[in-house]
$ cat protein16.csv   # CSV, C-alpha atoms and all ligand atoms
chain,number,residue,atom,x,y,z
A,80,MET,CA,-19.8,-1.5,-40.6
A,81,GLN,CA,-19.5,-0.4,-37.0
A,82,SER,CA,-16.0,-0.6,-35.6
A,83,LYS,CA,-15.4,-3.5,-33.2
A,84,ILE,CA,-16.2,-3.1,-29.5
A,85,THR,CA,-14.4,-5.3,-27.0
A,86,ILE,CA,-16.2,-6.0,-23.6
A,87,ALA,CA,-14.4,-7.7,-20.7
A,88,ILE,CA,-16.5,-9.8,-18.3
A,89,GLN,CA,-15.7,-12.2,-15.5
A,90,ARG,CA,-15.1,-15.7,-16.6
A,91,LYS,CA,-16.1,-17.6,-13.4
A,92,GLY,CA,-17.4,-16.4,-10.2
A,93,ARG,CA,-20.1,-14.2,-8.6
A,94,LEU,CA,-20.3,-11.6,-11.4
A,95,TYR,CA,-20.3,-14.1,-14.4
A,96,GLU,CA,-24.0,-15.1,-14.8
A,97,ASN,CA,-25.4,-11.7,-14.4
A,98,SER,CA,-22.8,-10.1,-16.6
A,99,LYS,CA,-23.4,-12.6,-19.4
A,100,ASN,CA,-27.2,-12.3,-19.0
A,101,LEU,CA,-27.0,-8.5,-19.2
A,102,LEU,CA,-25.1,-8.6,-22.5
A,103,ILE,CA,-27.5,-11.2,-23.9
A,104,LYS,CA,-30.5,-9.1,-22.8
A,105,SER,CA,-28.9,-6.1,-24.5
A,106,GLY,CA,-29.2,-8.0,-27.8
A,107,ILE,CA,-25.6,-9.2,-28.1
A,108,ASN,CA,-25.7,-12.9,-29.2
A,109,PHE,CA,-22.8,-14.9,-28.2
A,110,SER,CA,-22.0,-18.2,-26.5
A,111,ALA,CA,-19.5,-18.4,-23.7
A,112,ASN,CA,-19.2,-22.1,-23.3
A,113,GLY,CA,-16.5,-24.2,-21.9
A,114,GLU,CA,-12.9,-23.0,-21.7
A,115,ARG,CA,-13.1,-20.4,-24.6
A,116,LEU,CA,-11.7,-17.1,-23.3
A,117,LEU,CA,-12.8,-15.1,-26.4
A,118,ALA,CA,-16.4,-15.1,-27.5
A,119,ARG,CA,-17.3,-13.4,-30.8
A,120,SER,CA,-20.8,-12.1,-31.1
A,121,SER,CA,-22.7,-13.7,-34.0
A,122,ASN,CA,-24.9,-10.6,-34.6
A,123,MET,CA,-22.8,-7.6,-33.7
A,124,ASN,CA,-19.2,-6.5,-34.2
A,125,ILE,CA,-18.4,-7.2,-30.6
A,126,ASP,CA,-15.8,-9.4,-28.9
A,127,ILE,CA,-16.3,-10.6,-25.3
A,128,LEU,CA,-13.1,-11.3,-23.3
A,129,LEU,CA,-13.7,-13.8,-20.5
A,130,VAL,CA,-11.1,-12.9,-17.8
A,131,ARG,CA,-10.5,-12.7,-14.1
A,132,ASP,CA,-12.4,-9.9,-12.5
A,133,ASP,CA,-9.2,-8.4,-11.0
A,134,ASP,CA,-7.8,-8.0,-14.5
A,135,ILE,CA,-10.8,-6.0,-15.8
A,136,PRO,CA,-9.9,-2.5,-14.5
A,137,SER,CA,-6.4,-2.8,-16.0
A,138,LEU,CA,-7.6,-4.2,-19.4
A,139,VAL,CA,-10.1,-1.3,-19.6
A,140,SER,CA,-7.7,1.4,-18.4
A,141,LYS,CA,-5.2,0.3,-21.1
A,142,GLY,CA,-8.0,0.4,-23.7
A,143,VAL,CA,-7.6,-3.3,-24.5
A,144,ALA,CA,-11.3,-3.5,-23.7
A,145,ASP,CA,-13.7,-0.7,-24.5
A,146,LEU,CA,-16.1,-1.7,-21.7
A,147,GLY,CA,-15.9,-4.0,-18.7
A,148,ILE,CA,-18.2,-5.2,-16.0
A,149,VAL,CA,-16.6,-5.3,-12.5
A,150,GLY,CA,-17.4,-4.7,-8.8
A,151,GLN,CA,-17.0,-1.2,-7.5
A,152,ASN,CA,-14.9,-2.8,-4.7
A,153,VAL,CA,-12.3,-4.1,-7.2
A,154,LEU,CA,-12.2,-0.9,-9.2
A,155,ALA,CA,-11.8,1.3,-6.1
A,156,GLU,CA,-9.1,-0.9,-4.6
A,157,GLN,CA,-7.1,-1.0,-7.8
A,158,ALA,CA,-7.5,2.7,-8.4
A,159,ALA,CA,-6.4,3.5,-4.8
A,160,ALA,CA,-3.3,1.2,-5.2
A,161,ASN,CA,-2.2,2.2,-8.7
A,162,ASN,CA,-2.5,5.5,-10.5
A,163,LYS,CA,-2.5,3.7,-13.9
A,164,ILE,CA,-6.0,2.4,-13.2
A,165,THR,CA,-8.0,5.2,-14.8
A,166,ALA,CA,-11.1,3.3,-15.9
A,167,LYS,CA,-14.3,5.1,-15.0
A,168,PRO,CA,-17.7,3.7,-13.9
A,169,LEU,CA,-20.4,4.6,-16.4
A,170,LEU,CA,-23.4,2.9,-14.9
A,171,LYS,CA,-24.4,1.0,-11.8
A,172,LEU,CA,-25.8,-2.4,-12.9
A,173,GLY,CA,-27.8,-3.3,-9.8
A,174,PHE,CA,-26.4,-6.8,-9.2
A,175,SER,CA,-23.6,-8.3,-7.0
A,176,LYS,CA,-24.5,-5.9,-4.3
A,177,CYS,CA,-22.4,-6.1,-1.2
A,178,LYS,CA,-20.4,-4.0,1.2
A,179,LEU,CA,-16.8,-3.8,2.4
A,180,ALA,CA,-17.0,-3.8,6.1
A,181,PHE,CA,-14.9,-4.2,9.3
A,182,ALA,CA,-15.8,-7.2,11.4
A,183,LYS,CA,-14.5,-8.6,14.7
A,184,PRO,CA,-15.0,-11.9,16.7
A,185,LEU,CA,-18.3,-11.9,18.6
A,186,ASN,CA,-16.4,-12.1,21.9
A,187,SER,CA,-13.9,-9.3,21.0
A,188,LYS,CA,-13.8,-6.2,23.2
A,189,LEU,CA,-12.3,-4.2,20.3
A,190,ARG,CA,-13.7,-0.7,20.3
A,191,SER,CA,-11.4,1.2,17.9
A,192,LEU,CA,-9.1,0.3,15.1
A,193,LYS,CA,-6.2,2.2,16.8
A,194,ASN,CA,-3.0,0.1,16.9
A,195,LYS,CA,-4.9,-3.0,15.8
A,196,ASN,CA,-3.9,-5.6,13.2
A,197,ILE,CA,-6.5,-5.6,10.3
A,198,ALA,CA,-6.5,-8.4,7.8
A,199,THR,CA,-8.0,-7.6,4.4
A,200,SER,CA,-7.9,-8.3,0.7
A,201,TYR,CA,-8.4,-4.5,0.2
A,202,PRO,CA,-5.3,-3.0,1.7
A,203,ALA,CA,-5.3,0.2,-0.4
A,204,LEU,CA,-8.9,1.0,0.6
A,205,VAL,CA,-8.3,0.2,4.2
A,206,LYS,CA,-5.1,2.3,4.3
A,207,LYS,CA,-6.9,5.2,2.7
A,208,TYR,CA,-9.7,4.9,5.3
A,209,LEU,CA,-7.2,4.9,8.1
A,210,ILE,CA,-5.3,8.0,6.8
A,211,LYS,CA,-8.6,9.8,6.3
A,212,ASN,CA,-9.6,9.1,9.9
A,213,SER,CA,-6.1,9.7,11.3
A,214,ILE,CA,-5.9,6.2,12.7
A,215,THR,CA,-2.6,4.3,13.1
A,216,ALA,CA,-3.0,0.6,12.6
A,217,GLU,CA,-1.4,-2.4,10.9
A,218,VAL,CA,-2.8,-3.6,7.6
A,219,ILE,CA,-2.2,-7.3,6.7
A,220,LYS,CA,-2.9,-8.2,3.1
A,221,ILE,CA,-4.5,-11.7,2.7
A,222,ASN,CA,-6.0,-12.9,-0.6
A,223,GLY,CA,-8.8,-15.2,0.7
A,224,SER,CA,-10.4,-16.8,3.7
A,225,VAL,CA,-9.9,-13.5,5.5
A,226,GLU,CA,-12.5,-14.5,8.1
A,227,LEU,CA,-10.1,-17.1,9.5
A,228,THR,CA,-7.3,-14.6,10.4
A,229,PRO,CA,-8.6,-13.5,13.9
A,230,TYR,CA,-8.6,-17.2,14.9
A,231,ILE,CA,-5.1,-18.0,13.8
A,232,GLY,CA,-3.6,-15.1,15.7
A,233,ILE,CA,-2.7,-12.8,12.9
A,234,ALA,CA,-5.4,-10.2,13.1
A,235,ASP,CA,-7.6,-8.5,15.7
A,236,CYS,CA,-10.3,-7.8,13.1
A,237,ILE,CA,-10.9,-8.0,9.4
A,238,CYS,CA,-12.1,-5.8,6.5
A,239,ASP,CA,-13.8,-7.9,3.9
A,240,LEU,CA,-16.9,-8.1,1.6
A,241,VAL,CA,-20.2,-8.9,3.2
A,242,SER,CA,-23.0,-10.0,0.9
A,243,SER,CA,-25.5,-12.3,2.6
A,244,GLY,CA,-23.6,-12.2,5.9
A,245,ALA,CA,-23.4,-16.0,6.0
A,246,THR,CA,-19.6,-16.1,6.0
A,247,LEU,CA,-19.3,-13.7,9.0
A,248,GLU,CA,-22.0,-15.6,10.9
A,249,ALA,CA,-20.4,-19.0,10.2
A,250,ASN,CA,-17.1,-17.7,11.5
A,251,ASN,CA,-18.5,-16.0,14.7
A,252,LEU,CA,-17.7,-12.5,13.4
A,253,VAL,CA,-19.8,-9.4,13.7
A,254,GLU,CA,-19.6,-6.3,11.5
A,255,PHE,CA,-18.9,-3.1,13.4
A,256,LYS,CA,-18.3,-0.6,10.6
A,257,SER,CA,-19.0,-0.3,6.9
A,258,LEU,CA,-16.3,1.1,4.6
A,259,MET,CA,-18.1,1.2,1.2
A,260,ASP,CA,-21.2,-0.2,-0.5
A,261,SER,CA,-20.5,-2.0,-3.8
A,262,GLU,CA,-22.3,-3.4,-6.8
A,263,ALA,CA,-21.4,-4.3,-10.4
A,264,VAL,CA,-20.6,-1.4,-12.6
A,265,LEU,CA,-20.0,-0.9,-16.3
A,266,ILE,CA,-16.6,0.7,-16.8
A,267,SER,CA,-14.9,2.4,-19.7
A,268,PRO,CA,-11.4,3.9,-20.4
A,269,VAL,CA,-11.4,7.4,-19.1
A,270,THR,CA,-10.7,8.7,-22.6
A,271,LEU,CA,-14.2,7.7,-23.7
A,272,ASN,CA,-15.6,10.6,-21.7
A,273,LYS,CA,-13.7,13.1,-23.8
A,274,ILE,CA,-15.5,12.2,-27.0
A,301,LIG,C1,-16.4,-13.5,-0.4
A,301,LIG,C2,-16.0,-12.5,0.6
A,301,LIG,C3,-16.6,-13.0,1.8
A,301,LIG,C4,-17.9,-13.7,1.3
A,301,LIG,C5,-19.1,-12.8,1.6
A,301,LIG,O1,-15.5,-14.6,-0.3
A,301,LIG,O2,-14.6,-12.4,0.7
A,301,LIG,O3,-15.8,-13.9,2.5
A,301,LIG,O4,-17.7,-13.9,-0.1
A,301,LIG,O5,-20.3,-13.4,1.2
A,301,LIG,P1,-21.5,-13.7,2.2
A,301,LIG,O6,-21.6,-12.5,3.0
A,301,LIG,O7,-22.6,-13.9,1.2
A,301,LIG,O8,-21.1,-14.9,3.0
A,301,LIG,P2,-15.4,-15.7,-1.4
A,301,LIG,O9,-16.5,-16.7,-1.3
A,301,LIG,O10,-15.2,-15.0,-2.8
A,301,LIG,O11,-14.0,-16.5,-1.0
A,301,LIG,P3,-12.5,-15.9,-0.7
A,301,LIG,O12,-12.6,-14.6,-0.1
A,301,LIG,O13,-11.9,-16.9,0.2
A,301,LIG,O14,-11.9,-15.9,-2.1
A,302,ZN,ZN,-14.1,-14.3,1.4
$ encode --input "protein16.csv" --output "structure tokens"
Amino acid sequence: MQSKITIAIQRKGRLYENSKNLLIKSGINFSANGERLLARSSNMNIDILLVRDDDIPSLVSKGVADLGIVGQNVLAEQAAANNKITAKPLLKLGFSKCKLAFAKPLNSKLRSLKNKNIATSYPALVKKYLIKNSITAEVIKINGSVELTPYIGIADCICDLVSSGATLEANNLVEFKSLMDSEAVLISPVTLNKI
């Protein structure tokens, strides 16, 4: 019998449906219904862990999961912030495409990031970008509703995910620079590559 493989996918959210469907299309039968956080495949020696997407890089880096499906944005941010995150992308999966981009209010005269306050949920990637471009600026970490921050006086601009662009538009923001493109990727512990 094949040894067991553990795969971590997002439990709820933007990656969930596509991740589940990809595993099912790959021939792995399992049901992920309700509140169950561990799904055992009925036809293969595979366990599916249903977790928060931000926990996937760490679970895979530690080898708790052999494979994971996560956004490149989450993997890149965690890898930039923590050298224990060593999980490696194996394959781009073609869904959950978006970009991480800087945006400012429509009426803003901002022309450069220099000495600006930048609100983001991706502080490590933004700091890396600023260092690479020799820009001094303040990075403010915020976990959600980043698009609100220019209007409550805590940021001049933001750096956040843009998918359809609807959230920027609804909040009178306009993108002025893209930092990275992202999509869902299959990741594995770095050690898998040594086999
Ligand atoms: C994400 C992201 C953007 C929005 C982009 O937010 O942080 O705000 O989606 O998608 P769009 O370009 O299609 O509008 P999410 O809905 O996950 O909420 P949160 O950031 O407040 O957690
Ligand atoms: Zn958001």
$ residues_around --input "protein16.csv" --residues "A:Ser267" --least-positions-apart "2" --cutoff "9 Å" --atoms "only C-alpha atoms" --output "PDB file with C-alpha atoms, keeping the file's coordinate frame"
ATOM      1  CA  PRO A 136      -9.900  -2.500 -14.500  1.00  0.00           C
ATOM      2  CA  VAL A 139     -10.100  -1.300 -19.600  1.00  0.00           C
ATOM      3  CA  SER A 140      -7.700   1.400 -18.400  1.00  0.00           C
ATOM      4  CA  GLY A 142      -8.000   0.400 -23.700  1.00  0.00           C
ATOM      5  CA  ALA A 144     -11.300  -3.500 -23.700  1.00  0.00           C
ATOM      6  CA  ASP A 145     -13.700  -0.700 -24.500  1.00  0.00           C
ATOM      7  CA  LEU A 146     -16.100  -1.700 -21.700  1.00  0.00           C
ATOM      8  CA  GLY A 147     -15.900  -4.000 -18.700  1.00  0.00           C
ATOM      9  CA  THR A 165      -8.000   5.200 -14.800  1.00  0.00           C
ATOM     10  CA  ALA A 166     -11.100   3.300 -15.900  1.00  0.00           C
ATOM     11  CA  LYS A 167     -14.300   5.100 -15.000  1.00  0.00           C
ATOM     12  CA  PRO A 168     -17.700   3.700 -13.900  1.00  0.00           C
ATOM     13  CA  LEU A 169     -20.400   4.600 -16.400  1.00  0.00           C
ATOM     14  CA  LEU A 265     -20.000  -0.900 -16.300  1.00  0.00           C
ATOM     15  CA  VAL A 269     -11.400   7.400 -19.100  1.00  0.00           C
ATOM     16  CA  THR A 270     -10.700   8.700 -22.600  1.00  0.00           C
ATOM     17  CA  LEU A 271     -14.200   7.700 -23.700  1.00  0.00           C
ATOM     18  CA  ASN A 272     -15.600  10.600 -21.700  1.00  0.00           C
TER      19      ASN A 272
END
$ residues_near_ligand --input "protein16.csv" --ligand "ligand LIG 301 (chain A)" --cutoff "12 Å" --atoms "all atoms listed in the file" --output "VMD selection string"
chain A and resid 91 to 94 132 to 133 152 to 153 175 to 182 198 to 201 221 to 228 237 to 250 252 to 254
$ atom_distance --input "protein16.csv" --atom1 "atom CA of A:Arg119" --atom2 "atom CA of A:Ala263"
22.7 Å
$ closest_residue --input "protein16.csv" --among "A:Ala203, A:Ile103, A:Leu128, A:Ile214" --to "A:Ile88" --atoms "all atoms listed in the file"
A:Leu128
$ closest_residue --input "protein16.csv" --among "A:Ser98, A:Ser105, A:Gln151, A:Ser120" --to "A:Met259" --atoms "all atoms listed in the file"
A:Gln151
$ atom_distance --input "protein16.csv" --atom1 "atom CA of A:Leu138" --atom2 "atom CA of A:Val218"
27.4 Å
$ residues_around --input "protein16.csv" --residues "A:Asn100" --least-positions-apart "5" --cutoff "12 Å" --atoms "all atoms listed in the file" --output "ChimeraX atom specification"
/A:88,94-95,105-111,148,172,174
$ atom_distance --input "protein16.csv" --atom1 "atom CA of A:Ser137" --atom2 "atom CA of A:Ile164"
5.9 Å
$ residues_around --input "protein16.csv" --residues "A:Leu129" --least-positions-apart "6" --cutoff "8 Å" --atoms "all atoms listed in the file" --output "VMD selection string"
chain A and resid 87 to 90 115 to 118
$ residues_near_point --input "protein16.csv" --point "(-4.1, -9.1, 11.5)" --cutoff "8 Å" --atoms "all atoms listed in the file" --output "number ranges by chain"
A: 195-198, 217-219, 228-229, 232-237
$ write_last_selection --input "protein16.csv" --atoms "C-alpha atoms" --output "JSON list (two decimals), in the frame of the given file"
[["chain", "number", "residue", "atom", "x", "y", "z"],
["A", 195, "LYS", "CA", -4.90, -3.00, 15.80],
["A", 196, "ASN", "CA", -3.90, -5.60, 13.20],
["A", 197, "ILE", "CA", -6.50, -5.60, 10.30],
["A", 198, "ALA", "CA", -6.50, -8.40, 7.80],
["A", 217, "GLU", "CA", -1.40, -2.40, 10.90],
["A", 218, "VAL", "CA", -2.80, -3.60, 7.60],
["A", 219, "ILE", "CA", -2.20, -7.30, 6.70],
["A", 228, "THR", "CA", -7.30, -14.60, 10.40],
["A", 229, "PRO", "CA", -8.60, -13.50, 13.90],
["A", 232, "GLY", "CA", -3.60, -15.10, 15.70],
["A", 233, "ILE", "CA", -2.70, -12.80, 12.90],
["A", 234, "ALA", "CA", -5.40, -10.20, 13.10],
["A", 235, "ASP", "CA", -7.60, -8.50, 15.70],
["A", 236, "CYS", "CA", -10.30, -7.80, 13.10],
["A", 237, "ILE", "CA", -10.90, -8.00, 9.40]]
$ closest_residue --input "protein16.csv" --among "A:Ser261, A:Gln81, A:Met123, A:Lys193" --to "A:Leu102" --atoms "all atoms listed in the file"
A:Met123
$ decode --input "protein16.csv" --residues "stretch 119-252 of chain A" --atoms "C-alpha atoms" --output "mmCIF file, in the first residue's frame"
data_model
loop_
_atom_site.group_PDB
_atom_site.id
_atom_site.type_symbol
_atom_site.label_atom_id
_atom_site.label_comp_id
_atom_site.auth_asym_id
_atom_site.auth_seq_id
_atom_site.Cartn_x
_atom_site.Cartn_y
_atom_site.Cartn_z
ATOM 1 C CA ARG A 119 -10.077 11.004 4.425
ATOM 2 C CA SER A 120 -10.128 9.981 0.802
ATOM 3 C CA SER A 121 -12.347 6.958 0.206
ATOM 4 C CA ASN A 122 -10.267 5.634 -2.744
ATOM 5 C CA MET A 123 -6.662 6.685 -2.027
ATOM 6 C CA ASN A 124 -4.397 6.786 1.000
ATOM 7 C CA ILE A 125 -4.738 10.561 1.202
ATOM 8 C CA ASP A 126 -5.845 12.858 4.011
ATOM 9 C CA ILE A 127 -7.091 16.354 3.244
ATOM 10 C CA LEU A 128 -6.568 18.991 5.960
ATOM 11 C CA LEU A 129 -9.091 21.858 5.774
ATOM 12 C CA VAL A 130 -7.344 24.866 7.265
ATOM 13 C CA ARG A 131 -6.914 28.628 7.018
ATOM 14 C CA ASP A 132 -4.909 29.570 3.953
ATOM 15 C CA ASP A 133 -2.372 31.514 6.043
ATOM 16 C CA ASP A 134 -1.508 28.322 7.924
ATOM 17 C CA ILE A 135 -0.750 26.335 4.756
ATOM 18 C CA PRO A 136 2.877 27.519 4.124
ATOM 19 C CA SER A 137 3.835 26.674 7.697
ATOM 20 C CA LEU A 138 2.092 23.258 7.727
ATOM 21 C CA VAL A 139 3.879 22.339 4.496
ATOM 22 C CA SER A 140 7.248 23.797 5.581
ATOM 23 C CA LYS A 141 7.087 21.670 8.751
ATOM 24 C CA GLY A 142 6.163 18.587 6.728
ATOM 25 C CA VAL A 143 2.830 18.204 8.536
ATOM 26 C CA ALA A 144 1.310 18.330 5.052
ATOM 27 C CA ASP A 145 3.126 16.874 2.018
ATOM 28 C CA LEU A 146 1.344 19.214 -0.365
ATOM 29 C CA GLY A 147 -0.699 22.388 -0.051
ATOM 30 C CA ILE A 148 -2.650 24.746 -2.259
ATOM 31 C CA VAL A 149 -2.172 28.416 -1.477
ATOM 32 C CA GLY A 150 -1.861 31.810 -3.178
ATOM 33 C CA GLN A 151 1.617 32.897 -4.250
ATOM 34 C CA ASN A 152 0.933 36.143 -2.382
ATOM 35 C CA VAL A 153 0.534 34.347 0.957
ATOM 36 C CA LEU A 154 3.573 32.122 0.386
ATOM 37 C CA ALA A 155 5.755 35.057 -0.698
ATOM 38 C CA GLU A 156 4.722 37.250 2.255
ATOM 39 C CA GLN A 157 5.356 34.503 4.792
ATOM 40 C CA ALA A 158 8.669 33.510 3.206
ATOM 41 C CA ALA A 159 9.784 37.182 3.244
ATOM 42 C CA ALA A 160 8.812 37.498 6.926
ATOM 43 C CA ASN A 161 10.071 34.189 8.316
ATOM 44 C CA ASN A 162 13.032 32.087 7.213
ATOM 45 C CA LYS A 163 11.362 28.941 8.592
ATOM 46 C CA ILE A 164 8.880 29.108 5.706
ATOM 47 C CA THR A 165 10.747 26.963 3.218
ATOM 48 C CA ALA A 166 7.838 25.444 1.269
ATOM 49 C CA LYS A 167 8.394 25.577 -2.467
ATOM 50 C CA PRO A 168 5.923 26.127 -5.305
ATOM 51 C CA LEU A 169 5.780 23.054 -7.586
ATOM 52 C CA LEU A 170 3.102 24.112 -10.037
ATOM 53 C CA LYS A 171 0.977 27.124 -10.898
ATOM 54 C CA LEU A 172 -2.666 26.130 -10.830
ATOM 55 C CA GLY A 173 -4.246 28.831 -12.996
ATOM 56 C CA PHE A 174 -6.953 29.977 -10.590
ATOM 57 C CA SER A 175 -7.376 32.736 -7.987
ATOM 58 C CA LYS A 176 -5.412 35.070 -10.225
ATOM 59 C CA CYS A 177 -4.868 38.504 -8.739
ATOM 60 C CA LYS A 178 -2.108 41.008 -8.162
ATOM 61 C CA LEU A 179 -0.636 42.821 -5.219
ATOM 62 C CA ALA A 180 -0.682 46.492 -6.119
ATOM 63 C CA PHE A 181 -0.263 49.982 -4.711
ATOM 64 C CA ALA A 182 -3.357 52.187 -4.914
ATOM 65 C CA LYS A 183 -4.231 55.733 -3.888
ATOM 66 C CA PRO A 184 -7.406 57.813 -3.616
ATOM 67 C CA LEU A 185 -8.627 59.110 -6.980
ATOM 68 C CA ASN A 186 -8.072 62.699 -5.874
ATOM 69 C CA SER A 187 -4.608 62.066 -4.397
ATOM 70 C CA LYS A 188 -1.636 63.966 -5.789
ATOM 71 C CA LEU A 189 0.785 61.295 -4.568
ATOM 72 C CA ARG A 190 3.534 60.726 -7.129
ATOM 73 C CA SER A 191 6.047 58.665 -5.181
ATOM 74 C CA LEU A 192 6.075 56.430 -2.132
ATOM 75 C CA LYS A 193 8.858 58.416 -0.480
ATOM 76 C CA ASN A 194 8.026 59.301 3.161
ATOM 77 C CA LYS A 195 4.449 58.091 2.717
ATOM 78 C CA ASN A 196 2.367 55.941 5.066
ATOM 79 C CA ILE A 197 1.475 52.696 3.274
ATOM 80 C CA ALA A 198 -1.223 50.431 4.750
ATOM 81 C CA THR A 199 -1.026 46.761 3.798
ATOM 82 C CA SER A 200 -1.679 43.195 4.887
ATOM 83 C CA TYR A 201 1.622 42.317 3.158
ATOM 84 C CA PRO A 202 4.209 44.271 5.209
ATOM 85 C CA ALA A 203 7.167 41.987 4.509
ATOM 86 C CA LEU A 204 6.690 42.146 0.731
ATOM 87 C CA VAL A 205 6.175 45.908 0.804
ATOM 88 C CA LYS A 206 9.278 46.431 2.986
ATOM 89 C CA LYS A 207 11.287 44.226 0.632
ATOM 90 C CA TYR A 208 10.069 46.282 -2.327
ATOM 91 C CA LEU A 209 10.968 49.558 -0.572
ATOM 92 C CA ILE A 210 14.462 48.334 0.303
ATOM 93 C CA LYS A 211 15.041 47.064 -3.230
ATOM 94 C CA ASN A 212 14.057 50.462 -4.616
ATOM 95 C CA SER A 213 15.872 52.476 -1.888
ATOM 96 C CA ILE A 214 12.660 54.176 -0.776
ATOM 97 C CA THR A 215 12.108 55.323 2.824
ATOM 98 C CA ALA A 216 8.452 55.020 3.797
ATOM 99 C CA GLU A 217 6.281 53.899 6.718
ATOM 100 C CA VAL A 218 4.553 50.513 6.454
ATOM 101 C CA ILE A 219 1.382 50.058 8.498
ATOM 102 C CA LYS A 220 0.183 46.477 8.934
ATOM 103 C CA ILE A 221 -3.583 46.035 8.753
ATOM 104 C CA ASN A 222 -5.336 42.682 8.453
ATOM 105 C CA GLY A 223 -8.416 43.569 6.417
ATOM 106 C CA SER A 224 -10.496 46.368 4.902
ATOM 107 C CA VAL A 225 -7.206 47.987 3.876
ATOM 108 C CA GLU A 226 -9.076 50.116 1.315
ATOM 109 C CA LEU A 227 -10.590 52.130 4.161
ATOM 110 C CA THR A 228 -7.299 53.370 5.594
ATOM 111 C CA PRO A 229 -6.713 56.445 3.358
ATOM 112 C CA TYR A 230 -10.139 57.730 4.440
ATOM 113 C CA ILE A 231 -9.599 57.381 8.175
ATOM 114 C CA GLY A 232 -6.366 59.305 8.115
ATOM 115 C CA ILE A 233 -3.918 56.479 8.750
ATOM 116 C CA ALA A 234 -2.435 55.993 5.290
ATOM 117 C CA ASP A 235 -1.585 57.948 2.146
ATOM 118 C CA CYS A 236 -1.907 54.867 -0.003
ATOM 119 C CA ILE A 237 -2.363 51.109 0.256
ATOM 120 C CA CYS A 238 -0.815 47.937 -1.083
ATOM 121 C CA ASP A 239 -3.420 45.195 -1.358
ATOM 122 C CA LEU A 240 -4.731 42.427 -3.580
ATOM 123 C CA VAL A 241 -6.634 43.416 -6.673
ATOM 124 C CA SER A 242 -8.704 40.764 -8.379
ATOM 125 C CA SER A 243 -11.729 42.150 -10.255
ATOM 126 C CA GLY A 244 -10.861 45.701 -9.165
ATOM 127 C CA ALA A 245 -14.350 46.147 -7.698
ATOM 128 C CA THR A 246 -13.110 46.896 -4.169
ATOM 129 C CA LEU A 247 -10.747 49.625 -5.388
ATOM 130 C CA GLU A 248 -13.491 51.140 -7.514
ATOM 131 C CA ALA A 249 -16.082 51.036 -4.744
ATOM 132 C CA ASN A 250 -13.665 52.874 -2.462
ATOM 133 C CA ASN A 251 -12.558 55.543 -4.974
ATOM 134 C CA LEU A 252 -9.038 54.184 -5.210
#
